[in-house]
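What's in run23.tsv: TSV, C-alpha atoms and all ligand atoms
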```
chain	number	residue	atom	x	y	z
A	16	MET	CA	-11.08	-46.16	22.85
A	17	LYS	CA	-12.77	-43.05	21.50
A	18	THR	CA	-10.33	-40.42	20.23
A	19	THR	CA	-11.31	-36.81	20.82
A	20	ILE	CA	-10.15	-34.23	18.36
A	21	ASP	CA	-9.43	-30.71	19.46
A	22	GLU	CA	-11.26	-28.60	16.89
A	23	SER	CA	-8.86	-25.65	17.01
A	24	ALA	CA	-5.84	-27.96	16.59
A	25	LEU	CA	-7.54	-29.53	13.61
A	26	LEU	CA	-8.27	-26.14	12.09
A	27	SER	CA	-4.71	-24.94	12.52
A	28	ALA	CA	-3.37	-28.21	11.06
A	29	VAL	CA	-5.63	-27.79	8.01
A	30	GLU	CA	-4.55	-24.19	7.71
A	31	SER	CA	-0.85	-25.03	7.82
A	32	VAL	CA	-1.41	-27.66	5.10
A	33	SER	CA	-3.11	-25.10	2.88
A	34	VAL	CA	-0.25	-22.65	3.59
A	35	ALA	CA	2.34	-25.27	2.69
A	36	LEU	CA	0.52	-26.11	-0.53
A	37	ARG	CA	1.02	-22.66	-1.95
A	38	PRO	CA	4.72	-21.96	-2.37
A	39	ALA	CA	5.75	-18.35	-2.92
A	40	ARG	CA	6.48	-17.17	-6.45
A	41	PRO	CA	10.21	-16.61	-7.06
A	42	ASP	CA	9.76	-12.82	-7.35
A	43	ALA	CA	7.59	-12.60	-4.21
A	44	HIS	CA	8.50	-10.05	-1.57
A	45	VAL	CA	5.37	-10.25	0.54
A	46	THR	CA	3.54	-13.57	0.91
A	47	ILE	CA	0.04	-13.69	2.31
A	48	ARG	CA	-1.34	-17.09	3.18
A	49	GLY	CA	-4.65	-18.20	4.62
A	50	LEU	CA	-5.68	-14.67	5.58
A	51	SER	CA	-9.10	-14.37	7.19
A	52	LYS	CA	-10.93	-11.39	8.62
A	53	ALA	CA	-14.55	-10.92	9.62
A	54	PHE	CA	-16.35	-7.87	10.98
A	55	ALA	CA	-19.39	-8.41	13.20
A	56	GLY	CA	-19.44	-12.09	12.26
A	57	LYS	CA	-19.55	-11.38	8.52
A	58	PRO	CA	-16.51	-12.68	6.65
A	59	LEU	CA	-14.61	-10.14	4.58
A	60	TYR	CA	-11.56	-12.27	3.76
A	61	SER	CA	-11.50	-16.03	4.07
A	62	ASP	CA	-8.38	-18.12	3.31
A	63	PHE	CA	-7.04	-15.30	1.13
A	64	ASN	CA	-3.68	-15.86	-0.57
A	65	LEU	CA	-1.53	-13.37	-2.44
A	66	ASP	CA	2.09	-12.73	-3.40
A	67	LEU	CA	3.29	-9.16	-3.85
A	68	PRO	CA	6.26	-8.92	-6.21
A	69	ARG	CA	9.54	-7.37	-5.09
A	70	GLY	CA	10.36	-3.85	-6.17
A	71	LYS	CA	7.08	-3.34	-7.99
A	72	ILE	CA	4.12	-1.02	-7.53
A	73	VAL	CA	0.84	-2.84	-6.88
A	74	SER	CA	-2.43	-0.89	-6.93
A	75	ILE	CA	-5.40	-2.32	-5.08
A	76	PHE	CA	-8.68	-1.53	-6.82
A	77	GLY	CA	-12.21	-2.84	-6.39
A	78	PRO	CA	-15.82	-2.02	-5.51
A	79	ASN	CA	-16.63	0.26	-2.57
A	80	GLY	CA	-16.31	-1.51	0.74
A	81	CYS	CA	-14.68	-4.63	-0.75
A	82	GLY	CA	-11.84	-4.36	1.74
A	83	LYS	CA	-9.01	-2.52	-0.03
A	84	SER	CA	-7.94	-0.57	3.06
A	85	THR	CA	-8.54	-3.56	5.34
A	86	LEU	CA	-6.20	-5.68	3.23
A	87	MET	CA	-3.48	-3.05	3.19
A	88	ASN	CA	-3.83	-2.37	6.89
A	89	MET	CA	-3.53	-6.06	7.71
A	90	ILE	CA	-0.36	-6.32	5.60
A	91	ALA	CA	1.04	-3.17	7.23
A	92	GLY	CA	0.25	-4.49	10.71
A	93	LEU	CA	-2.28	-1.78	11.57
A	94	LEU	CA	-5.11	-4.30	11.78
A	95	LYS	CA	-4.87	-7.81	13.15
A	96	PRO	CA	-6.16	-10.62	10.89
A	97	ASP	CA	-8.32	-13.32	12.49
A	98	ALA	CA	-6.07	-15.95	10.91
A	99	GLY	CA	-3.30	-16.32	8.40
A	100	GLU	CA	0.32	-15.45	7.91
A	101	ILE	CA	2.00	-12.47	6.25
A	102	LEU	CA	5.74	-12.62	5.64
A	103	PHE	CA	8.20	-10.18	4.13
A	104	ASP	CA	11.04	-12.14	2.51
A	105	GLY	CA	10.18	-14.83	5.00
A	106	LYS	CA	10.48	-12.37	7.92
A	107	SER	CA	7.75	-11.08	10.15
A	108	LEU	CA	6.64	-7.46	10.12
A	109	LYS	CA	8.65	-6.61	13.24
A	110	ASP	CA	11.86	-7.43	11.35
A	111	THR	CA	10.84	-5.37	8.32
A	112	ARG	CA	11.16	-1.63	7.65
A	113	ILE	CA	7.92	-0.27	6.31
A	114	GLY	CA	6.61	3.19	5.45
A	115	TYR	CA	2.96	4.23	5.53
A	116	VAL	CA	1.28	7.24	3.93
A	117	PHE	CA	-2.13	7.79	5.52
A	118	GLN	CA	-5.18	8.84	3.56
A	119	ASN	CA	-5.72	12.05	5.46
A	120	TYR	CA	-2.47	14.02	5.35
A	121	ARG	CA	-3.93	16.77	7.53
A	122	ASP	CA	-4.16	14.39	10.47
A	123	ALA	CA	-1.04	12.41	9.62
A	124	LEU	CA	1.59	15.05	10.42
A	125	PHE	CA	2.49	16.02	13.97
A	126	PRO	CA	1.17	19.60	14.13
A	127	TRP	CA	3.44	20.73	16.98
A	128	ILE	CA	6.71	20.17	15.12
A	129	THR	CA	8.03	21.58	11.84
A	130	ALA	CA	7.89	19.78	8.50
A	131	TRP	CA	11.63	19.12	8.86
A	132	ASP	CA	11.15	17.54	12.28
A	133	ASN	CA	8.23	15.46	10.98
A	134	ILE	CA	10.52	13.97	8.33
A	135	ALA	CA	13.32	13.47	10.85
A	136	TYR	CA	11.01	11.89	13.44
A	137	PRO	CA	11.32	8.22	12.36
A	138	LEU	CA	15.10	8.64	11.95
A	139	ARG	CA	15.47	9.98	15.47
A	140	ARG	CA	13.28	7.16	16.77
A	141	ALA	CA	15.67	4.77	15.04
A	142	ARG	CA	18.44	6.53	17.03
A	143	MET	CA	20.24	7.84	13.97
A	144	LYS	CA	23.01	10.37	14.74
A	145	ASP	CA	22.18	14.06	14.25
A	146	ASP	CA	24.51	14.60	11.29
A	147	GLU	CA	23.13	11.49	9.55
A	148	VAL	CA	19.57	12.71	10.16
A	149	LYS	CA	20.47	16.06	8.58
A	150	ALA	CA	22.07	14.34	5.59
A	151	ARG	CA	19.08	12.05	5.05
A	152	VAL	CA	16.53	14.89	5.24
A	153	ALA	CA	18.69	16.92	2.82
A	154	GLU	CA	18.82	13.94	0.46
A	155	LEU	CA	15.02	13.62	0.51
A	156	ALA	CA	14.61	17.38	0.05
A	157	ALA	CA	16.81	17.14	-3.07
A	158	LEU	CA	14.90	14.13	-4.42
A	159	PHE	CA	11.60	15.94	-3.95
A	160	GLU	CA	13.01	19.28	-5.21
A	161	ILE	CA	11.63	21.03	-2.15
A	162	ARG	CA	11.28	24.77	-2.74
A	163	PHE	CA	9.26	25.61	0.36
A	164	ASP	CA	10.72	26.16	3.81
A	165	LEU	CA	10.83	22.89	5.72
A	166	GLN	CA	11.09	24.90	8.95
A	167	ARG	CA	7.42	25.77	8.58
A	168	TYR	CA	4.73	24.01	10.60
A	169	PRO	CA	2.19	21.72	8.91
A	170	TYR	CA	-0.65	24.27	9.23
A	171	GLU	CA	1.47	26.72	7.20
A	172	LEU	CA	1.73	24.32	4.24
A	173	SER	CA	-0.59	23.67	1.29
A	174	GLY	CA	-2.26	20.26	0.97
A	175	GLY	CA	0.19	19.15	-1.70
A	176	GLN	CA	3.15	20.27	0.42
A	177	MET	CA	1.78	18.36	3.43
A	178	GLN	CA	1.35	15.21	1.36
A	179	THR	CA	4.92	15.62	0.05
A	180	VAL	CA	6.17	15.82	3.64
A	181	CYS	CA	4.14	12.68	4.53
A	182	ILE	CA	5.74	10.78	1.65
A	183	MET	CA	9.24	12.02	2.57
A	184	ARG	CA	8.65	10.91	6.17
A	185	ALA	CA	7.48	7.48	4.99
A	186	LEU	CA	10.60	7.11	2.82
A	187	ALA	CA	13.03	8.45	5.43
A	188	THR	CA	14.06	5.12	6.94
A	189	ARG	CA	14.50	3.53	3.49
A	190	PRO	CA	11.57	1.15	3.88
A	191	GLU	CA	11.52	-2.22	2.19
A	192	VAL	CA	7.77	-1.89	1.65
A	193	MET	CA	5.77	1.31	1.44
A	194	PHE	CA	1.98	1.52	1.81
A	195	LEU	CA	-0.05	4.44	0.48
A	196	ASP	CA	-3.75	4.79	1.22
A	197	GLU	CA	-5.44	6.98	-1.42
A	198	PRO	CA	-2.40	9.25	-1.83
A	199	PHE	CA	-4.05	11.41	-4.52
A	200	SER	CA	-7.60	11.66	-3.21
A	201	ALA	CA	-7.23	15.16	-1.75
A	202	LEU	CA	-4.77	16.61	-4.26
A	203	ASP	CA	-5.44	18.95	-7.15
A	204	PHE	CA	-4.39	17.89	-10.65
A	205	GLU	CA	-1.06	19.72	-10.66
A	206	MET	CA	-0.06	18.18	-7.33
A	207	THR	CA	-1.25	14.74	-8.47
A	208	LEU	CA	1.10	14.96	-11.46
A	209	PHE	CA	3.96	16.07	-9.20
A	210	ILE	CA	3.41	13.29	-6.64
A	211	ARG	CA	3.05	10.69	-9.41
A	212	ASP	CA	6.47	11.76	-10.76
A	213	LYS	CA	8.09	11.75	-7.35
A	214	LEU	CA	6.72	8.36	-6.36
A	215	GLN	CA	8.06	6.87	-9.59
A	216	GLU	CA	11.47	8.52	-9.01
A	217	ALA	CA	11.60	7.37	-5.39
A	218	GLN	CA	10.66	3.84	-6.39
A	219	ALA	CA	13.27	3.76	-9.17
A	220	ALA	CA	15.94	5.18	-6.84
A	221	THR	CA	15.26	2.81	-3.94
A	222	GLY	CA	13.61	-0.31	-5.40
A	223	VAL	CA	11.02	-0.16	-2.61
A	224	THR	CA	7.99	-2.44	-3.01
A	225	MET	CA	4.90	-0.19	-3.07
A	226	VAL	CA	1.27	-0.96	-2.33
A	227	ILE	CA	-1.26	1.73	-3.20
A	228	VAL	CA	-4.97	1.74	-2.46
A	229	SER	CA	-6.94	3.78	-4.96
A	230	HIS	CA	-10.58	4.64	-5.61
A	231	ASP	CA	-9.75	6.20	-8.93
A	232	LEU	CA	-9.25	3.89	-11.91
A	233	GLU	CA	-6.82	6.20	-13.70
A	234	ASP	CA	-4.67	6.65	-10.58
A	235	ALA	CA	-4.76	2.91	-9.92
A	236	VAL	CA	-3.54	2.08	-13.42
A	237	PHE	CA	-1.12	4.97	-13.94
A	238	LEU	CA	1.53	4.03	-11.37
A	239	ALA	CA	1.01	0.29	-11.27
A	240	ASP	CA	3.12	-2.60	-12.44
A	241	ARG	CA	0.21	-4.80	-11.34
A	242	ILE	CA	-3.40	-3.88	-10.64
A	243	LEU	CA	-4.88	-6.13	-7.98
A	244	LEU	CA	-8.60	-6.24	-8.73
A	245	LEU	CA	-10.75	-7.39	-5.85
A	246	THR	CA	-14.31	-8.75	-5.94
A	247	ARG	CA	-17.22	-7.74	-3.76
A	248	ARG	CA	-17.15	-9.29	-0.28
A	249	PRO	CA	-16.49	-12.02	0.68
A	250	THR	CA	-13.46	-10.69	-1.09
A	251	ARG	CA	-11.38	-12.68	-3.55
A	252	ILE	CA	-8.92	-11.73	-6.27
A	253	ALA	CA	-10.87	-11.03	-9.46
A	254	GLU	CA	-7.72	-10.61	-11.52
A	255	ILE	CA	-4.16	-9.34	-11.29
A	256	VAL	CA	-3.65	-7.17	-14.36
A	257	PRO	CA	-0.04	-6.53	-15.43
A	258	PHE	CA	0.81	-3.09	-16.81
A	259	GLU	CA	4.23	-2.96	-18.42
A	260	LEU	CA	4.31	0.56	-19.93
A	261	PRO	CA	7.92	1.85	-19.62
A	262	ARG	CA	8.79	4.42	-16.94
A	263	PRO	CA	8.89	7.22	-16.20
A	264	ARG	CA	5.24	7.58	-17.11
A	265	SER	CA	4.03	11.13	-17.68
A	266	ALA	CA	0.69	12.85	-18.23
A	267	GLU	CA	1.11	11.93	-21.93
A	268	SER	CA	1.22	8.24	-20.98
A	269	THR	CA	-2.52	8.34	-20.35
A	270	ALA	CA	-3.00	8.66	-24.13
A	271	ASP	CA	-0.72	5.68	-24.85
A	272	PRO	CA	-2.68	2.80	-26.46
A	273	GLU	CA	-1.34	0.38	-23.83
A	274	PHE	CA	-2.61	2.62	-21.00
A	275	VAL	CA	-5.98	2.92	-22.72
A	276	ARG	CA	-6.15	-0.86	-23.24
A	277	VAL	CA	-5.24	-1.76	-19.66
A	278	LYS	CA	-7.64	0.83	-18.24
A	279	ALA	CA	-10.47	-0.48	-20.43
A	280	HIS	CA	-9.73	-4.08	-19.43
A	281	THR	CA	-9.59	-3.17	-15.74
A	282	LEU	CA	-12.92	-1.36	-16.06
A	283	GLU	CA	-14.44	-4.38	-17.79
A	284	VAL	CA	-13.36	-6.73	-14.98
A	285	PHE	CA	-14.58	-4.19	-12.39
A	286	ARG	CA	-18.02	-3.97	-14.07
A	287	ARG	CA	-18.25	-7.74	-14.32
A	288	GLU	CA	-17.55	-8.01	-10.58
A	289	MET	CA	-20.08	-5.31	-9.75
A	290	ASN	CA	-22.76	-7.27	-11.60
A	291	ALA	CA	-21.72	-10.69	-10.31
B	301	LIG	N1	-13.43	-1.58	12.14
B	301	LIG	C1	-14.47	-2.04	11.43
B	301	LIG	N2	-15.58	-2.50	12.03
B	301	LIG	C2	-16.62	-2.99	11.33
B	301	LIG	N3	-16.63	-3.06	9.98
B	301	LIG	C3	-15.55	-2.61	9.33
B	301	LIG	C4	-14.42	-2.08	10.01
B	301	LIG	N4	-13.49	-1.72	9.09
B	301	LIG	C5	-14.03	-2.01	7.89
B	301	LIG	N5	-15.26	-2.54	8.03
B	301	LIG	C6	-16.13	-2.99	6.93
B	301	LIG	O1	-15.38	-3.85	6.10
B	301	LIG	C7	-15.66	-3.57	4.74
B	301	LIG	C8	-14.39	-3.20	4.02
B	301	LIG	O2	-13.92	-1.94	4.48
B	301	LIG	P1	-12.67	-1.23	3.81
B	301	LIG	O3	-12.59	0.15	4.34
B	301	LIG	O4	-11.49	-2.10	3.91
B	301	LIG	O5	-13.13	-1.24	2.28
B	301	LIG	P2	-12.57	-0.36	1.09
B	301	LIG	O6	-12.65	-1.23	-0.12
B	301	LIG	O7	-11.26	0.23	1.42
B	301	LIG	O8	-13.71	0.73	1.09
B	301	LIG	P3	-13.89	2.09	0.30
B	301	LIG	O9	-13.91	1.73	-1.14
B	301	LIG	O10	-15.20	2.59	0.79
B	301	LIG	O11	-12.72	2.92	0.72
B	301	LIG	C9	-16.69	-2.48	4.72
B	301	LIG	O12	-17.96	-3.08	4.60
B	301	LIG	C10	-16.55	-1.82	6.06
B	301	LIG	O13	-17.76	-1.29	6.51
```
Could you show the structure in this file as structure tokens?
Amino acid sequence: MKTTIDESALLSAVESVSVALRPARPDAHVTIRGLSKAFAGKPLYSDFNLDLPRGKIVSIFGPNGCGKSTLMNMIAGLLKPDAGEILFDGKSLKDTRIGYVFQNYRDALFPWITAWDNIAYPLRRARMKDDEVKARVAELAALFEIRFDLQRYPYELSGGQMQTVCIMRALATRPEVMFLDEPFSALDFEMTLFIRDKLQEAQAATGVTMVIVSHDLEDAVFLADRILLLTRRPTRIAEIVPFELPRPRSAESTADPEFVRVKAHTLEVFRREMNA
């Protein structure tokens, strides 16, 4: 008797074998297995696997259009993969608290409510009691050394102040994983230094796992414990570069020989991938 094989069942069986073959690293917080995504029939990711370490800052860096934002958005649940599995400590996204800082802070804040209410918004949605909401916003305001009036509306704030509010809002619910898409791209140098400091402080205070997409090599290296270097599409991991310079890192850290070495190495891998 001829046996017919259901192609999709076969594919999913093969996929689950490949998933099972790659156990998570012991320090893994987020495990990505067999991730695939195509746009208009052209594959961007195909059977992509990655572990993101717990409590670390990972920067995603790579050539233009290689899929940095797409990868982050799939992990954060903003974009559905065609196939694959993403787990957070073995849990699905719906059982995980995440924070997201969008690239364009001007569009990210609700313009009809004050900065204070923007920060409180996710806490109220989580049905936190009023006095606890007040305490949490006050705690964040202290951490970020807020000197401007949080009762102002977003349009009354500078770009750096708006981005600070976006980051406070993303941290409000004490996320397990925080995603930041180009957090420095629209900031001036002074504000970039301030936000770099505050992100390091927030990470040290909370142990949150952070994923940052960056176009800028210096920004990508500066905050990272690991730099995830991607290839051109179809996108693979070119290299995961560790960067162990002690924290807190300051503007002076960019002259540290280890910073200079890691930046040069990252650039070398990037150039190699551009020419591949
Ligand atoms: N919704 C979409 N529809 C069609 N193509 C898309 C879509 N989103 C992304 N792409 C394509 O997928 C590729 C990766 O896009 P993505 O924005 O993730 O790359 P990136 O590395 O973040 O880019 P950049 O460096 O320009 O910010 C690009 O070629 C892009 O044109």
Exercise for the section: May I ask which of the residues A:Ile252, A:Val236, A:Ala53, A:Ala150 is the closest one to ligand LIG 301 (chain B), counting only C-alpha atoms and all ligand atoms? Expected result: A:Ala53
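Among the candidates A:Ser107, A:Ser173, A:Ser265, A:Thr246, the residue lying nearest to ligand LIG 301 (chain B) is A:Thr246 (atoms considered: all atoms listed in the file).
Taking only C-alpha atoms and all ligand atoms into account, the protein and nucleic acid residues that come at most 9 Å from ligand LIG 301 (chain B) are A:Ala53, A:Phe54, A:Ala55, A:Lys57, A:Pro58, A:Leu59, A:Ile75, A:Phe76, A:Gly77, A:Pro78, A:Asn79, A:Gly80, A:Cys81, A:Gly82, A:Lys83, A:Ser84, A:Thr85, A:Leu86, A:Met87, A:Asn88, A:Leu94, A:Asp196, A:Glu197, A:Val228, A:Ser229, A:His230, A:Leu245, A:Arg247, A:Arg248.
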Kindly save the residues from that selection, with C-alpha atoms included, as a compact mmCIF listing (two decimals), in the frame of the given file.
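Once written, again-v4.txt looks like this:
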```txt
# COMPACT_ATOMS: atom_id res chain seq x y z
CA ALA A 53 -14.55 -10.92 9.62
CA PHE A 54 -16.35 -7.87 10.98
CA ALA A 55 -19.39 -8.41 13.20
CA LYS A 57 -19.55 -11.38 8.52
CA PRO A 58 -16.51 -12.68 6.65
CA LEU A 59 -14.61 -10.14 4.58
CA ILE A 75 -5.40 -2.32 -5.08
CA PHE A 76 -8.68 -1.53 -6.82
CA GLY A 77 -12.21 -2.84 -6.39
CA PRO A 78 -15.82 -2.02 -5.51
CA ASN A 79 -16.63 0.26 -2.57
CA GLY A 80 -16.31 -1.51 0.74
CA CYS A 81 -14.68 -4.63 -0.75
CA GLY A 82 -11.84 -4.36 1.74
CA LYS A 83 -9.01 -2.52 -0.03
CA SER A 84 -7.94 -0.57 3.06
CA THR A 85 -8.54 -3.56 5.34
CA LEU A 86 -6.20 -5.68 3.23
CA MET A 87 -3.48 -3.05 3.19
CA ASN A 88 -3.83 -2.37 6.89
CA LEU A 94 -5.11 -4.30 11.78
CA ASP A 196 -3.75 4.79 1.22
CA GLU A 197 -5.44 6.98 -1.42
CA VAL A 228 -4.97 1.74 -2.46
CA SER A 229 -6.94 3.78 -4.96
CA HIS A 230 -10.58 4.64 -5.61
CA LEU A 245 -10.75 -7.39 -5.85
CA ARG A 247 -17.22 -7.74 -3.76
CA ARG A 248 -17.15 -9.29 -0.28
```
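Distances to Arg241 in chain A were evaluated for A:Glu259, A:Ala253, A:Ala220, A:Phe194 using all atoms listed in the file, and the minimum falls at A:Glu259.
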Problem - Neighbour list for Arg167 in chain A as an MDAnalysis selection string, cut-off 12 Å, only C-alpha atoms, skip fewer than 6 positions in-chain - result: chainID A and resid 126:133 173 176:177 180
Output for the residues just chosen: C-alpha atoms as a short mmCIF file (atom, residue, chain, number, x, y, z; two decimals), in the coordinates of the input:
```cif
data_model
loop_
_atom_site.label_atom_id
_atom_site.label_comp_id
_atom_site.auth_asym_id
_atom_site.auth_seq_id
_atom_site.Cartn_x
_atom_site.Cartn_y
_atom_site.Cartn_z
CA PRO A 126 1.17 19.60 14.13
CA TRP A 127 3.44 20.73 16.98
CA ILE A 128 6.71 20.17 15.12
CA THR A 129 8.03 21.58 11.84
CA ALA A 130 7.89 19.78 8.50
CA TRP A 131 11.63 19.12 8.86
CA ASP A 132 11.15 17.54 12.28
CA ASN A 133 8.23 15.46 10.98
CA SER A 173 -0.59 23.67 1.29
CA GLN A 176 3.15 20.27 0.42
CA MET A 177 1.78 18.36 3.43
CA VAL A 180 6.17 15.82 3.64
#
```
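When all atoms listed in the file are used to compute distances to Tyr170 in chain A, the closest of the residues A:Lys213, A:Arg121, A:His44, A:Arg69 turns out to be A:Arg121.
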Problem - Distance query Val73 in chain A at most 8 Å, all atoms listed in the file, self and fewer than 3 positions along chain excluded, as a PyMOL selection string - result: chain A and resi 67+225-227+239-243
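Shortest separation to Ala266 in chain A among A:Arg211, A:Arg140, A:Arg151, A:Lys52 occurs at residue A:Arg211, atoms counted being all atoms listed in the file.
The gap separating CA of Asp203 in chain A from CA of Ile113 in chain A is 27.0 Å, in Å to one decimal.
Proximity of A:Phe199, A:Phe209, A:Tyr115, A:Phe63 to Phe159 in chain A, computed with all atoms listed in the file, is greatest for A:Phe209.
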Handout entry: Between CA of Phe204 in chain A and CA of Tyr168 in chain A, distance in Å (one decimal)
Key = 23.9 Å
Practice task
For range 182-188 of chain A, list every protein, DNA or RNA residue within 7 Å, evaluated using all atoms listed in the file, and leave out those in the same chain fewer than 5 positions away; present the list as a PyMOL selection string.
Solution key: chain A and resi 114-116+133-134+137-138+155
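Computed from the coordinates, the CA of Gln218 in chain A to CA of Lys71 in chain A distance equals 8.2 Å.
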Practice task
Please provide the set of residues having any atom within 8 Å of Val277 in chain A, restricted to all atoms listed in the file, with same-chain residues fewer than 3 positions apart removed, written as a ChimeraX atom specification.
Solution key: /A:236,256,258,273-274,280-281
I want to know what sits within 12 Å of Asp104 in chain A, based on all atoms listed in the file, with residues of the same chain fewer than 3 positions away left out; could you give that as a PDB file with C-alpha atoms, in the coordinates of the input?
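Below is the file that was written, out_29.pdb:
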```pdb
ATOM      1  CA  ALA A  39       5.750 -18.350  -2.920  1.00  0.00           C
ATOM      2  CA  ARG A  40       6.480 -17.170  -6.450  1.00  0.00           C
ATOM      3  CA  PRO A  41      10.210 -16.610  -7.060  1.00  0.00           C
ATOM      4  CA  ASP A  42       9.760 -12.820  -7.350  1.00  0.00           C
ATOM      5  CA  ALA A  43       7.590 -12.600  -4.210  1.00  0.00           C
ATOM      6  CA  HIS A  44       8.500 -10.050  -1.570  1.00  0.00           C
ATOM      7  CA  VAL A  45       5.370 -10.250   0.540  1.00  0.00           C
ATOM      8  CA  THR A  46       3.540 -13.570   0.910  1.00  0.00           C
ATOM      9  CA  ILE A  47       0.040 -13.690   2.310  1.00  0.00           C
ATOM     10  CA  ASP A  66       2.090 -12.730  -3.400  1.00  0.00           C
ATOM     11  CA  LEU A  67       3.290  -9.160  -3.850  1.00  0.00           C
ATOM     12  CA  PRO A  68       6.260  -8.920  -6.210  1.00  0.00           C
ATOM     13  CA  ARG A  69       9.540  -7.370  -5.090  1.00  0.00           C
ATOM     14  CA  ILE A 101       2.000 -12.470   6.250  1.00  0.00           C
ATOM     15  CA  SER A 107       7.750 -11.080  10.150  1.00  0.00           C
ATOM     16  CA  LEU A 108       6.640  -7.460  10.120  1.00  0.00           C
ATOM     17  CA  ASP A 110      11.860  -7.430  11.350  1.00  0.00           C
ATOM     18  CA  THR A 111      10.840  -5.370   8.320  1.00  0.00           C
ATOM     19  CA  ARG A 112      11.160  -1.630   7.650  1.00  0.00           C
ATOM     20  CA  GLU A 191      11.520  -2.220   2.190  1.00  0.00           C
ATOM     21  CA  VAL A 192       7.770  -1.890   1.650  1.00  0.00           C
ATOM     22  CA  THR A 224       7.990  -2.440  -3.010  1.00  0.00           C
TER      23      THR A 224
END
```
Let me have the centre and edge lengths of the axis-aligned box enclosing all listed atoms of range 125-132 of chain A with 6 Å padding on every side, in Å to one decimal, as JSON.
```
{"center_x": 6.4, "center_y": 18.8, "center_z": 12.7, "size_x": 22.5, "size_y": 17.6, "size_z": 20.5}
```
